[in-house]
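One file, upload_11.csv, carrying CSV, C-alpha atoms (C1' of nucleotides):
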chain,number,residue,atom,x,y,z
C,1,MET,CA,0.0,0.0,0.0
C,2,GLU,CA,2.9,2.3,0.7
C,3,THR,CA,4.3,1.7,-2.8
C,4,ILE,CA,0.9,2.4,-4.3
C,5,ARG,CA,0.6,5.6,-2.2
C,6,ARG,CA,4.0,6.9,-3.3
C,7,ASP,CA,3.4,6.2,-7.0
C,8,LEU,CA,0.0,7.8,-6.9
C,9,ALA,CA,1.1,10.8,-4.9
C,10,ALA,CA,3.6,11.7,-7.7
C,11,LYS,CA,0.8,11.4,-10.3
C,12,ILE,CA,-2.4,12.8,-8.8
C,13,VAL,CA,-1.6,15.2,-6.1
C,14,GLY,CA,-2.5,18.7,-7.4
C,15,GLN,CA,-4.7,17.2,-10.1
C,16,LYS,CA,-8.3,18.2,-10.7
C,17,ILE,CA,-10.9,15.5,-11.2
C,18,ILE,CA,-12.9,16.2,-14.4
C,19,SER,CA,-14.9,12.9,-14.6
C,20,VAL,CA,-16.2,10.4,-12.2
C,21,LYS,CA,-17.6,7.1,-13.3
C,22,VAL,CA,-18.9,4.7,-10.6
C,23,LEU,CA,-19.2,1.3,-12.2
C,24,ASP,CA,-20.3,-0.6,-9.1
C,25,LYS,CA,-23.6,0.3,-7.4
C,26,LYS,CA,-22.3,-1.0,-4.2
C,27,LEU,CA,-20.0,2.0,-3.9
C,28,GLY,CA,-22.9,4.5,-4.0
C,29,SER,CA,-22.6,6.7,-7.0
C,30,ALA,CA,-24.4,9.9,-5.9
C,31,LYS,CA,-22.1,11.0,-3.1
C,32,LEU,CA,-18.9,10.0,-4.8
C,33,THR,CA,-19.8,11.9,-7.9
C,34,ARG,CA,-21.1,14.9,-6.0
C,35,ILE,CA,-18.0,15.3,-3.9
C,36,LEU,CA,-15.3,14.2,-6.4
C,37,PHE,CA,-16.4,16.0,-9.5
C,38,GLY,CA,-14.4,19.2,-9.9
C,39,ASN,CA,-12.5,18.5,-6.7
C,40,LYS,CA,-8.7,18.4,-6.4
C,41,ILE,CA,-6.5,16.0,-4.6
C,42,ILE,CA,-4.1,17.9,-2.4
C,43,LEU,CA,-2.4,15.1,-0.4
C,44,ALA,CA,-1.9,11.3,-0.6
C,45,ASP,CA,-1.7,9.8,2.8
C,46,ARG,CA,-2.1,6.3,4.3
C,47,ILE,CA,-2.8,4.7,7.6
C,48,GLY,CA,-2.2,0.9,7.9
C,49,LYS,CA,-3.6,-0.5,4.6
C,50,LEU,CA,-6.1,2.4,4.1
C,51,LEU,CA,-5.3,5.0,1.5
C,52,ILE,CA,-6.4,8.5,2.3
C,53,PHE,CA,-6.5,11.2,-0.3
C,54,GLU,CA,-7.2,14.7,1.0
C,55,LEU,CA,-9.4,16.8,-1.2
C,56,ALA,CA,-9.4,20.6,-1.7
C,57,ASP,CA,-12.8,21.0,-0.1
C,58,ASN,CA,-11.7,19.3,3.2
C,59,ASN,CA,-13.2,16.0,2.4
C,60,PHE,CA,-11.2,12.8,2.2
C,61,LEU,CA,-11.3,10.1,-0.4
C,62,LEU,CA,-10.7,6.7,1.4
C,63,ILE,CA,-9.7,3.6,-0.6
C,64,HIS,CA,-9.3,0.2,0.9
C,65,LEU,CA,-8.2,-2.5,-1.5
C,66,LYS,CA,-8.8,-5.5,0.8
C,67,MET,CA,-7.9,-8.8,-0.9
C,68,THR,CA,-8.0,-8.2,-4.6
C,69,GLY,CA,-8.3,-4.4,-5.2
C,70,GLN,CA,-6.0,-2.6,-7.6
C,71,LEU,CA,-5.4,1.0,-8.3
C,72,VAL,CA,-3.9,1.8,-11.7
C,73,TYR,CA,-3.0,5.2,-13.1
C,74,THR,CA,-2.4,5.9,-16.7
C,75,ASP,CA,-1.6,8.9,-18.8
C,76,GLY,CA,-2.4,9.1,-22.4
C,77,ASP,CA,-5.5,8.5,-24.4
C,78,GLU,CA,-4.4,5.3,-26.0
C,79,VAL,CA,-5.3,3.3,-22.9
C,80,ILE,CA,-8.9,4.6,-23.0
C,81,ALA,CA,-9.3,4.5,-26.8
C,82,GLY,CA,-7.6,1.3,-27.8
C,83,GLY,CA,-6.1,-0.7,-25.1
C,84,HIS,CA,-2.5,0.0,-24.1
C,85,PRO,CA,-0.3,-3.1,-24.3
C,86,PHE,CA,0.7,-3.5,-20.6
C,87,LYS,CA,3.8,-5.4,-19.6
C,88,LYS,CA,3.6,-9.0,-20.8
C,89,GLY,CA,2.3,-11.4,-18.1
C,90,SER,CA,1.2,-8.6,-15.7
C,91,VAL,CA,-2.2,-8.6,-14.2
C,92,LEU,CA,-3.3,-6.0,-16.6
C,93,ASP,CA,-2.1,-8.1,-19.5
C,94,LYS,CA,-4.4,-10.8,-18.2
C,95,VAL,CA,-7.5,-8.7,-18.7
C,96,GLY,CA,-6.4,-7.8,-22.2
C,97,GLY,CA,-4.6,-4.6,-21.2
C,98,LYS,CA,-7.8,-2.7,-21.5
C,99,LEU,CA,-9.2,-0.4,-18.9
C,100,PRO,CA,-11.8,0.0,-17.7
C,101,SER,CA,-12.1,-3.8,-17.5
C,102,LYS,CA,-15.1,-5.8,-16.3
C,103,HIS,CA,-13.6,-5.5,-12.8
C,104,THR,CA,-13.3,-1.7,-12.8
C,105,ARG,CA,-15.4,-0.2,-10.0
C,106,LEU,CA,-14.4,3.4,-10.3
C,107,HIS,CA,-12.9,5.4,-13.0
C,108,LEU,CA,-11.6,9.0,-12.4
C,109,LYS,CA,-10.3,11.3,-15.0
C,110,PHE,CA,-7.9,14.2,-14.3
C,111,ALA,CA,-7.5,17.4,-16.2
C,112,PRO,CA,-4.6,17.3,-18.7
C,113,SER,CA,-1.6,19.3,-17.6
C,114,LYS,CA,1.0,21.0,-19.8
C,115,LYS,CA,3.4,18.1,-19.2
C,116,ASP,CA,1.0,15.1,-19.4
C,117,ASP,CA,-2.0,13.9,-21.2
C,118,GLU,CA,-5.3,13.4,-19.4
C,119,GLY,CA,-4.8,11.1,-16.4
C,120,ASN,CA,-6.9,8.2,-15.5
C,121,LEU,CA,-7.3,6.4,-12.2
C,122,PHE,CA,-8.9,3.0,-12.2
C,123,PHE,CA,-10.1,1.2,-9.1
C,124,ASN,CA,-10.4,-2.5,-10.1
C,125,ASP,CA,-11.6,-5.2,-7.6
C,126,ILE,CA,-12.3,-8.7,-8.6
C,127,ARG,CA,-13.9,-9.9,-5.4
C,128,ARG,CA,-15.5,-6.5,-4.5
C,129,PHE,CA,-14.4,-6.6,-0.9
C,130,GLY,CA,-12.7,-3.3,-1.2
C,131,TYR,CA,-14.3,0.1,-0.9
C,132,VAL,CA,-14.1,3.7,-1.9
C,133,LYS,CA,-15.8,6.3,0.2
C,134,ILE,CA,-15.9,9.9,1.2
C,135,ALA,CA,-15.2,11.0,4.8
C,136,SER,CA,-15.2,14.3,6.5
C,137,ILE,CA,-12.3,15.2,8.8
C,138,LYS,CA,-14.4,14.1,11.8
C,139,GLU,CA,-15.3,10.7,10.3
C,140,LEU,CA,-11.6,10.3,9.3
C,141,GLU,CA,-10.5,10.9,12.9
C,142,LEU,CA,-12.9,8.2,14.2
C,143,ILE,CA,-11.5,5.8,11.6
C,144,LYS,CA,-7.9,6.6,12.5
C,145,ASN,CA,-8.7,5.8,16.2
C,146,ASP,CA,-9.2,2.2,15.1
C,147,TYR,CA,-5.6,1.8,13.9
C,148,GLY,CA,-2.8,0.8,16.2
C,149,ILE,CA,0.9,1.5,16.0
C,150,GLU,CA,2.6,1.0,12.7
C,151,PRO,CA,6.1,-0.2,11.7
C,152,LEU,CA,8.3,2.7,10.5
C,153,LYS,CA,6.1,5.3,12.1
C,154,LYS,CA,7.1,7.3,15.1
C,155,ASP,CA,5.0,5.6,17.7
C,156,PHE,CA,6.2,2.1,16.8
C,157,THR,CA,8.5,1.6,19.7
C,158,LEU,CA,9.4,-1.5,21.7
C,159,GLU,CA,7.6,-0.1,24.7
C,160,ASN,CA,4.4,0.5,22.7
C,161,LEU,CA,4.6,-2.9,21.2
C,162,LYS,CA,4.9,-4.5,24.6
C,163,LYS,CA,2.0,-2.5,25.9
C,164,ASN,CA,-0.2,-3.5,22.9
C,165,LEU,CA,0.7,-7.2,22.6
C,166,LEU,CA,2.3,-8.7,25.7
C,167,ASN,CA,-0.8,-8.9,27.9
C,168,ARG,CA,-2.8,-10.7,25.3
C,169,GLY,CA,-3.8,-14.4,25.3
C,170,VAL,CA,-4.3,-14.5,21.6
C,171,SER,CA,-1.6,-16.1,19.3
C,172,ILE,CA,1.2,-13.8,18.4
C,173,LYS,CA,0.1,-14.1,14.8
C,174,ALA,CA,-3.5,-13.0,15.6
C,175,ALA,CA,-2.0,-10.1,17.6
C,176,LEU,CA,0.2,-8.9,14.8
C,177,LEU,CA,-2.7,-9.1,12.4
C,178,ASP,CA,-5.0,-7.1,14.7
C,179,GLN,CA,-5.0,-3.7,13.0
C,180,LYS,CA,-6.3,-2.0,16.2
C,181,LYS,CA,-3.1,-3.0,18.0
C,182,VAL,CA,-0.5,-3.0,15.2
C,183,SER,CA,-1.5,-1.7,11.8
C,184,GLY,CA,-0.1,-2.4,8.4
C,185,ILE,CA,0.9,-6.0,8.8
C,186,GLY,CA,-1.0,-8.5,6.7
C,187,ASN,CA,-0.9,-12.3,6.4
C,188,ILE,CA,2.2,-12.5,4.3
C,189,TYR,CA,4.4,-10.2,6.4
C,190,ALA,CA,3.1,-11.7,9.6
C,191,ASP,CA,4.5,-15.1,8.6
C,192,GLU,CA,7.7,-13.6,7.3
C,193,ILE,CA,8.3,-11.5,10.5
C,194,LEU,CA,7.6,-14.5,12.8
C,195,PHE,CA,10.0,-16.7,10.8
C,196,ALA,CA,12.7,-14.0,10.9
C,197,ALA,CA,12.2,-13.7,14.6
C,198,GLY,CA,12.2,-17.4,15.2
C,199,ILE,CA,8.8,-17.5,16.9
C,200,LYS,CA,6.0,-20.0,16.2
C,201,PRO,CA,2.9,-18.2,15.0
C,202,SER,CA,0.6,-20.1,17.5
C,203,ARG,CA,2.5,-19.0,20.6
C,204,PRO,CA,0.2,-16.9,22.9
C,205,ALA,CA,1.4,-13.3,22.7
C,206,LYS,CA,1.8,-13.1,26.5
C,207,SER,CA,4.1,-16.1,26.6
C,208,LEU,CA,6.8,-14.2,24.7
C,209,LYS,CA,10.0,-13.3,26.6
C,210,ALA,CA,11.2,-9.6,26.4
C,211,LYS,CA,14.0,-10.7,24.1
C,212,GLU,CA,11.6,-12.5,21.8
C,213,LEU,CA,9.3,-9.5,21.5
C,214,GLU,CA,12.3,-7.3,20.8
C,215,LYS,CA,13.2,-9.6,18.0
C,216,ILE,CA,9.7,-9.3,16.5
C,217,TYR,CA,9.9,-5.6,16.9
C,218,LEU,CA,13.2,-5.4,15.0
C,219,GLU,CA,12.2,-7.8,12.3
C,220,ALA,CA,8.9,-6.1,11.7
C,221,GLU,CA,10.7,-2.9,11.0
C,222,ARG,CA,13.4,-4.5,8.9
C,223,ILE,CA,11.1,-6.6,6.8
C,224,ILE,CA,8.5,-3.9,6.2
C,225,ALA,CA,11.3,-1.5,5.2
C,226,LYS,CA,12.8,-4.1,2.9
C,227,ALA,CA,9.5,-4.9,1.3
C,228,ILE,CA,8.8,-1.2,0.7
C,229,LYS,CA,12.3,-0.9,-0.8
C,230,HIS,CA,11.4,-3.7,-3.2
C,231,ARG,CA,8.0,-2.2,-4.0
C,232,GLY,CA,5.9,-4.6,-2.0
C,233,THR,CA,4.8,-8.2,-2.6
C,234,THR,CA,2.6,-9.3,-5.4
C,235,PHE,CA,0.8,-12.6,-5.1
C,236,SER,CA,-1.7,-12.7,-7.8
C,237,ASP,CA,-3.6,-9.5,-7.9
C,238,TYR,CA,-1.6,-6.7,-6.3
C,239,VAL,CA,0.0,-4.3,-8.6
C,240,ASP,CA,1.5,-0.9,-8.0
C,241,GLY,CA,0.3,2.4,-9.3
C,242,GLN,CA,1.7,1.6,-12.8
C,243,GLY,CA,0.3,-1.9,-13.0
C,244,ASN,CA,3.6,-3.5,-12.2
C,245,GLU,CA,4.1,-6.3,-9.8
C,246,GLY,CA,6.0,-6.1,-6.5
C,247,GLY,CA,9.6,-7.3,-6.1
C,248,PHE,CA,9.5,-8.7,-2.6
C,249,VAL,CA,8.2,-12.1,-3.7
C,250,ARG,CA,11.7,-13.4,-4.2
C,251,PHE,CA,12.6,-12.7,-0.6
C,252,LEU,CA,9.8,-14.7,0.9
C,253,LYS,CA,11.1,-17.4,3.2
C,254,VAL,CA,8.0,-19.2,4.4
C,255,TYR,CA,4.9,-17.6,2.8
C,256,GLY,CA,3.6,-19.9,0.0
C,257,ARG,CA,6.4,-22.4,0.7
C,258,GLY,CA,4.5,-25.1,2.6
C,259,GLY,CA,6.0,-28.5,1.8
C,260,GLU,CA,9.3,-27.0,0.6
C,261,ALA,CA,12.7,-27.0,2.3
C,262,CYS,CA,13.5,-24.3,4.8
C,263,PHE,CA,16.3,-22.1,3.6
C,264,GLU,CA,17.9,-22.1,7.0
C,265,CYS,CA,17.7,-25.7,8.2
C,266,GLY,CA,16.5,-27.7,5.2
C,267,ARG,CA,13.6,-29.2,7.0
C,268,THR,CA,10.0,-29.0,5.6
C,269,ILE,CA,8.1,-25.7,5.9
C,270,LYS,CA,4.7,-26.5,7.4
C,271,LYS,CA,1.4,-24.9,6.5
C,272,SER,CA,-1.4,-24.8,9.1
C,273,ARG,CA,-4.2,-22.5,10.1
C,274,VAL,CA,-3.7,-19.9,12.8
C,275,ALA,CA,-6.0,-17.0,13.5
C,276,GLY,CA,-8.2,-18.3,10.7
C,277,ARG,CA,-5.5,-17.7,8.1
C,278,GLY,CA,-3.2,-19.9,6.1
C,279,THR,CA,0.0,-19.9,8.2
C,280,HIS,CA,3.5,-20.9,7.1
C,281,PHE,CA,6.4,-21.7,9.4
C,282,CYS,CA,9.4,-23.8,10.0
C,283,PRO,CA,8.8,-26.2,13.0
C,284,PHE,CA,12.5,-26.4,13.6
C,285,CYS,CA,13.7,-22.8,13.3
C,286,GLN,CA,10.6,-21.3,15.0
C,287,LYS,CA,10.2,-21.9,18.8
Q,1,DA,C1',-15.3,-30.5,-7.7
Q,2,DA,C1',-13.7,-29.1,-3.3
Q,3,DG,C1',-10.9,-26.0,-1.3
Q,4,DA,C1',-7.8,-22.4,-1.4
Q,5,DT,C1',-7.0,-17.1,-1.7
Q,6,DT,C1',-3.3,-10.8,0.0
Q,7,DG,C1',-8.5,-8.2,4.5
Q,8,DT,C1',-11.9,-7.1,7.9
Q,9,DT,C1',-16.2,-7.5,10.6
Q,10,DG,C1',-19.5,-9.6,13.3
Q,11,DC,C1',-21.7,-13.5,15.2
Q,12,DT,C1',-21.7,-17.8,18.1
Q,13,DT,C1',-19.7,-20.7,21.3
Q,14,DA,C1',-16.9,-21.7,25.1
B,1,DT,C1',-14.5,-10.0,29.4
B,2,DT,C1',-11.7,-12.8,26.3
B,3,DA,C1',-10.6,-15.7,22.6
B,4,DA,C1',-11.3,-19.2,19.0
B,5,DG,C1',-13.8,-20.5,15.2
B,6,DC,C1',-16.6,-19.5,11.6
B,7,DA,C1',-19.4,-17.1,8.2
B,8,DA,C1',-19.9,-13.4,5.3
B,9,DC,C1',-18.5,-10.2,1.7
B,10,DA,C1',-17.6,-12.4,-3.8
B,11,DA,C1',-14.9,-14.1,-7.6
B,12,DT,C1',-11.5,-16.8,-9.3
B,13,DC,C1',-8.0,-20.4,-9.8
B,14,DT,C1',-6.1,-25.1,-9.1
Taking this structure as input, can you express it in the form of structure tokens?
Amino acid sequence: METIRRDLAAKIVGQKIISVKVLDKKLGSAKLTRILFGNKIILADRIGKLLIFELADNNFLLIHLKMTGQLVYTDGDEVIAGGHPFKKGSVLDKVGGKLPSKHTRLHLKFAPSKKDDEGNLFFNDIRRFGYVKIASIKELELIKNDYGIEPLKKDFTLENLKKNLLNRGVSIKAALLDQKKVSGIGNIYADEILFAAGIKPSRPAKSLKAKELEKIYLEAERIIAKAIKHRGTTFSDYVDGQGNEGGFVRFLKVYGRGGEACFECGRTIKKSRVAGRGTHFCPFCQK
DNA sequence: AAGATTGTTGCTTA
DNA sequence: TTAAGCAACAATCT
């Protein structure tokens, strides 16, 4: 999400919206159109996995991609008119490289600038779990209250992590995935962080020794920073703001590797279910 | 054809 | 009150 935010910030901040097409009734067309049309995006922000675009009229455009959402920005009319040949094998290539596709839920057009052609932002979402909505500053503050400390942000300190996790009876994996306590960590990174820290995902959070929690703290920051550096992790549907896939996949050590050999000890990576999610770990390296 | 899937919420059960 | 498990949201892929 941070990769997407950065890419889009460079493209749409300062841009005026000249067309709003809501292609999925579920999103509620009237309010989106009323607020967005003629408005301008003045800031691209993010909290956890929620994208927050500040608008010139003090409203905010919130976008959550959930499992299968995509945001794709294009310049140039060839995309709209004829179908731009996207990178071979990419997710966009799979839908024929044409946008809007049958999974496009929202299509925004931006006023052409001197430098660029008319811009297009497409919100595509196969499973329709994601959402796009308008929030006032007050509504946004309420939403922000539901997000816990986040790796690489200022309040992500060892003390705060202890306070949020160490008294809890839930598994450490469930605790890391709980966005109210720690935000921004999803299923893939939770597994990777716990492998790097040498902790079994099913361990109750409150069973962790101070040293173990410190390891999780350090690995969470290291892995999230590294993932951002490599533009995130693509599994099957995530793409960045230009429709490219993330580069962190090749660094995954356990996620998606059930049945394969552990890179550290050579034993078999196990896949089980913890906190209701597919969970990958090395029974030997993780205690 | 059953079971899996990157996120989150809310219900039921214990 | 807490936590685990599950369904729901919905579409696709293996």
Rows by chain and residue number, chain B within 9 Å of chain C, shortest pair, only C-alpha atoms (C1' of nucleotides), as CSV:
residue,atom,partner,partner_atom,distance
B:DT2,C1',C:Gly169,CA,8.1
B:DA3,C1',C:Val170,CA,6.5
B:DA4,C1',C:Ala275,CA,7.9
B:DG5,C1',C:Gly276,CA,7.5
B:DC6,C1',C:Gly276,CA,8.5
B:DC9,C1',C:Phe129,CA,6.0
B:DA10,C1',C:Arg127,CA,4.7
B:DA11,C1',C:Arg127,CA,4.8
B:DT12,C1',C:Ile126,CA,8.2
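The two atoms in question, CA of Asn124 (chain C) and CA of His107 (chain C), are spaced 8.8 Å apart.
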Compute the set of chain Q residues within 9 Å of chain C, using all atoms listed in the file, and express it as JSON, numbers by chain. {"Q": [5, 6, 7, 8]}
For the residues selected in the previous step, produce a file with C-alpha atoms (C1' of nucleotides) as a tab-separated table (two decimals), keeping the file's coordinate frame.
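The new file result35.tsv reads:
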chain	number	residue	atom	x	y	z
Q	5	DT	C1'	-7.00	-17.10	-1.70
Q	6	DT	C1'	-3.30	-10.80	0.00
Q	7	DG	C1'	-8.50	-8.20	4.50
Q	8	DT	C1'	-11.90	-7.10	7.90
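Separating CA of Ile12 (chain C) from CA of Pro112 (chain C) is a distance of 11.1 Å.
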In terms of the shortest atom-to-atom distance over only C-alpha atoms, which of C:Asn59, C:Arg203, C:Leu23, C:Pro151 is closest to Leu106 (chain C)? C:Leu23
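Rounded to one decimal, CA of Lys144 (chain C) and CA of Lys163 (chain C) lie 19.0 Å from each other.
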Ranking C:Lys180, C:Lys270, C:Arg250, C:Lys40 by minimum distance to Ile143 (chain C) and counting only C-alpha atoms, which one comes first?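 Using only C-alpha atoms, Ile143 (chain C) sits closest to C:Lys180.
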When you count only C-alpha atoms, which of these residues is closest to Asp155 (chain C): C:Thr33, C:Gln286, C:Asn120, C:Ser183?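 That would be C:Ser183, the residue with the smallest distance to Asp155 (chain C).
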